[in-house]
Amino acid sequence: MAKNEAPTIDVKLFVDKEKKKVLFEESDKEFVDVLFGFLTMPLGTIVRLLGKQSQMGCLDELYKSAEDLSSECFQAKACKAMLLKPLNAASSHYCRLKINIDDTNPRAVYVCKDTNCCAHGDCAFSSVPDTLCKCGKAMEYAGDRPGDDAKTAAGGGSENGVFVKGRQKFITTDDLHVAPASTSLMMSLCQKLECRIQPILSRAFSSSLQKSLLKRSLTSNQPLTGIHFNVPISPDDATLSMIPGNPCPEKVNETEDKIGNVKIKILQTKINSAVLSICGSAEGYMGPDCQNLLLAPELAAFSGSSASQILQVNESAPRKLKISSCFKCFKIGGFSNLGRCHEQGTRYSSVHREHIWQYINCQNATKTAELCELDPKFPGGGGESSNSGVYVKQESQSFMVTDDLRVRPLSLDSSLRVVSEGKIQMKDLVEKEVTLTKFQARVMELQRAALMSRGALSSVLLPPKKKKNLKHLGY
Ligand SMILES: [Zn+2]
Ligand SMILES: [Zn+2]
């Protein structure tokens, strides 16, 4: 498919015109696949695609902080790219969607192009720009690795979709509950919604509508109605100052089970626990691999942090990449010229006193290589990557994190700015030292609060009553 030919997906809308409400949509699996694709997206991708206006808790501020922090603050330059343009661990599936709104290139391969590199024997590559080779040089783009999956078409008529399979239709309700279509389901939905089925509208979903749907699915439980009746997104929709079921610090003990549940929900959806429901109904319509991919998504290789270890999110294994040339030729020619390693011709040999066949460019007898993915967080220059879960440099630097999770290097200037932005009198401030007990539970709470609240730190660190007074105090 040509890149400039914008694909669309047709859906049928069942609406209640008087109430201005979408009851449900009927669609092929292509639309459902696109919806499920939301679940595979890293949070950083969602924020970036929505122009840092996802309105998802504090994440826009967190993203802008990573953008604004100098590269010096990070363990390696590539760390910034990993946060701002994270790779989707399910990219081999995601890139087959009919409408792909993620513009990250998961196939890009970077290598150290120095053919005399001291770490040449490692055959290291990276999927992230600016990764440092062990020799200290920045890796450079060597082309896109060939797609093993791009050609597995996901056309409407074919049996295999991306995540779901089969030829049946699906029903998607306004709150994005997805189920295989059936007359009885439609009838029961109509009964439940106390509506009569009204004229059916057809709508072609484009990539811009998909982005809008993604955004609304984060902040509203009526995203389809929102899109089709063009309901403005209220900036307060996402400000859920009262997080339902958020345990206050004193009650952590009693609610430990609850925290466990919360953890699972967040990890499963990565965006919002209310977005989709695929348990149970997915049976038979989705291979077990795909179901796992959506219900327990992994992080891309090396993308984990100490927090993701606490949250028990697995990382994909580092990739191995087989190429049909030696590593040296690959460094020179990239994917576009793998043939240089094999090119043969005749040359006059003064020893044999005749023309002989031989390799012209490369005398290396081994004409294949297996490349191994290197941790982009590796600081390079002879350093050992002992802190593989760490993005931020750990030496001496302190940071200030505001209630809405803006992160800045700690300085008098940034402290004063926070106080003045918060419109707080100096005399009203108290400094407290807080010991975080039950750290694992706190990290889970913080992750949840970051997704749902604009005052993430308050909701995790303070008992609920005092929230208002200390709203903008950073720790
Ligand atoms: Zn090198
Ligand atoms: Zn070669």
# chains A, B, ... in the order shown; residues from 1 in each chain; ligands from 1
>>> closest_atom_pairs(of="chain A", to="ligand 2", cutoff="6 Å", atoms="only C-alpha atoms and all ligand atoms", output="tab-separated table")
residue	atom	partner	partner_atom_place_in_ligand_line	distance
A:Ser325	CA	ligand 2	1 (Zn)	5.5
A:Cys326	CA	ligand 2	1 (Zn)	4.2
A:Lys328	CA	ligand 2	1 (Zn)	5.8
A:Cys329	CA	ligand 2	1 (Zn)	4.3
A:Cys341	CA	ligand 2	1 (Zn)	3.7
A:Cys362	CA	ligand 2	1 (Zn)	4.6
A:Asn364	CA	ligand 2	1 (Zn)	5.5
A:Lys367	CA	ligand 2	1 (Zn)	5.9
>>> write_last_selection(atoms="all heavy atoms", output="PDB file, in the first residue's frame")
ATOM      1  N   SER A 325      25.565 -11.474   5.417  1.00  0.00           N
ATOM      2  CA  SER A 325      26.870 -10.930   5.048  1.00  0.00           C
ATOM      3  C   SER A 325      27.695 -10.905   6.316  1.00  0.00           C
ATOM      4  O   SER A 325      27.160 -11.116   7.394  1.00  0.00           O
ATOM      5  CB  SER A 325      26.718  -9.517   4.457  1.00  0.00           C
ATOM      6  OG  SER A 325      26.850  -8.525   5.446  1.00  0.00           O
ATOM      7  N   CYS A 326      28.996 -10.658   6.181  1.00  0.00           N
ATOM      8  CA  CYS A 326      29.788 -10.562   7.397  1.00  0.00           C
ATOM      9  C   CYS A 326      29.504  -9.217   8.054  1.00  0.00           C
ATOM     10  O   CYS A 326      28.938  -8.311   7.444  1.00  0.00           O
ATOM     11  CB  CYS A 326      31.277 -10.743   7.100  1.00  0.00           C
ATOM     12  SG  CYS A 326      32.023  -9.315   6.298  1.00  0.00           S
ATOM     13  N   LYS A 328      31.457  -6.857   9.001  1.00  0.00           N
ATOM     14  CA  LYS A 328      32.208  -5.733   8.440  1.00  0.00           C
ATOM     15  C   LYS A 328      31.501  -5.169   7.213  1.00  0.00           C
ATOM     16  O   LYS A 328      31.314  -3.958   7.084  1.00  0.00           O
ATOM     17  CB  LYS A 328      33.622  -6.194   8.083  1.00  0.00           C
ATOM     18  CG  LYS A 328      34.538  -5.067   7.698  1.00  0.00           C
ATOM     19  CD  LYS A 328      35.967  -5.568   7.531  1.00  0.00           C
ATOM     20  CE  LYS A 328      36.866  -4.441   7.046  1.00  0.00           C
ATOM     21  NZ  LYS A 328      38.252  -4.881   6.884  1.00  0.00           N
ATOM     22  N   CYS A 329      31.079  -6.072   6.318  1.00  0.00           N
ATOM     23  CA  CYS A 329      30.378  -5.605   5.118  1.00  0.00           C
ATOM     24  C   CYS A 329      29.071  -4.920   5.496  1.00  0.00           C
ATOM     25  O   CYS A 329      28.652  -3.949   4.870  1.00  0.00           O
ATOM     26  CB  CYS A 329      30.102  -6.765   4.170  1.00  0.00           C
ATOM     27  SG  CYS A 329      31.587  -7.346   3.325  1.00  0.00           S
ATOM     28  N   CYS A 341      29.388  -8.407   0.213  1.00  0.00           N
ATOM     29  CA  CYS A 341      30.174  -9.464   0.860  1.00  0.00           C
ATOM     30  C   CYS A 341      30.365 -10.650  -0.099  1.00  0.00           C
ATOM     31  O   CYS A 341      31.351 -11.367  -0.020  1.00  0.00           O
ATOM     32  CB  CYS A 341      29.448  -9.907   2.130  1.00  0.00           C
ATOM     33  SG  CYS A 341      30.454 -10.848   3.291  1.00  0.00           S
ATOM     34  N   CYS A 362      35.336  -8.665  -0.313  1.00  0.00           N
ATOM     35  CA  CYS A 362      35.490  -9.163   1.049  1.00  0.00           C
ATOM     36  C   CYS A 362      36.098 -10.553   1.031  1.00  0.00           C
ATOM     37  O   CYS A 362      35.556 -11.482   0.443  1.00  0.00           O
ATOM     38  CB  CYS A 362      34.115  -9.186   1.717  1.00  0.00           C
ATOM     39  SG  CYS A 362      34.121  -9.950   3.334  1.00  0.00           S
ATOM     40  N   ASN A 364      36.626 -12.267   3.711  1.00  0.00           N
ATOM     41  CA  ASN A 364      36.167 -12.994   4.898  1.00  0.00           C
ATOM     42  C   ASN A 364      35.424 -14.266   4.475  1.00  0.00           C
ATOM     43  O   ASN A 364      34.482 -14.219   3.695  1.00  0.00           O
ATOM     44  CB  ASN A 364      35.244 -12.068   5.707  1.00  0.00           C
ATOM     45  CG  ASN A 364      35.002 -12.571   7.089  1.00  0.00           C
ATOM     46  OD1 ASN A 364      35.202 -13.756   7.381  1.00  0.00           O
ATOM     47  ND2 ASN A 364      34.575 -11.679   7.964  1.00  0.00           N
ATOM     48  N   LYS A 367      30.329 -15.717   5.595  1.00  0.00           N
ATOM     49  CA  LYS A 367      29.494 -14.753   4.864  1.00  0.00           C
ATOM     50  C   LYS A 367      28.143 -14.508   5.540  1.00  0.00           C
ATOM     51  O   LYS A 367      27.197 -14.078   4.893  1.00  0.00           O
ATOM     52  CB  LYS A 367      29.270 -15.254   3.430  1.00  0.00           C
ATOM     53  CG  LYS A 367      30.552 -15.417   2.631  1.00  0.00           C
ATOM     54  CD  LYS A 367      31.105 -14.059   2.245  1.00  0.00           C
ATOM     55  CE  LYS A 367      32.404 -14.177   1.468  1.00  0.00           C
ATOM     56  NZ  LYS A 367      33.104 -12.877   1.397  1.00  0.00           N
TER      57      LYS A 367
END
>>> residues_near_ligand(ligand="ligand 1", cutoff="8 Å", atoms="only C-alpha atoms and all ligand atoms", output="ChimeraX atom specification")
/A:111-120,132-139
>>> closest_residue(among="A:Leu83, A:Leu321, A:Leu410, A:Leu462", to="Val434 (chain A)", atoms="only C-alpha atoms")
A:Leu462
>>> residues_around(residues="Ala449 (chain A)", least_positions_apart="2", cutoff="9 Å", atoms="only C-alpha atoms", output="list in words")
Gly57, Cys58, Ile243, Asn246, Met444, Glu445, Leu446, Gln447, Leu451, Met452, Ser453, Arg454, Gly455, Ala456, Leu457, Ser459 and Val460 of chain A
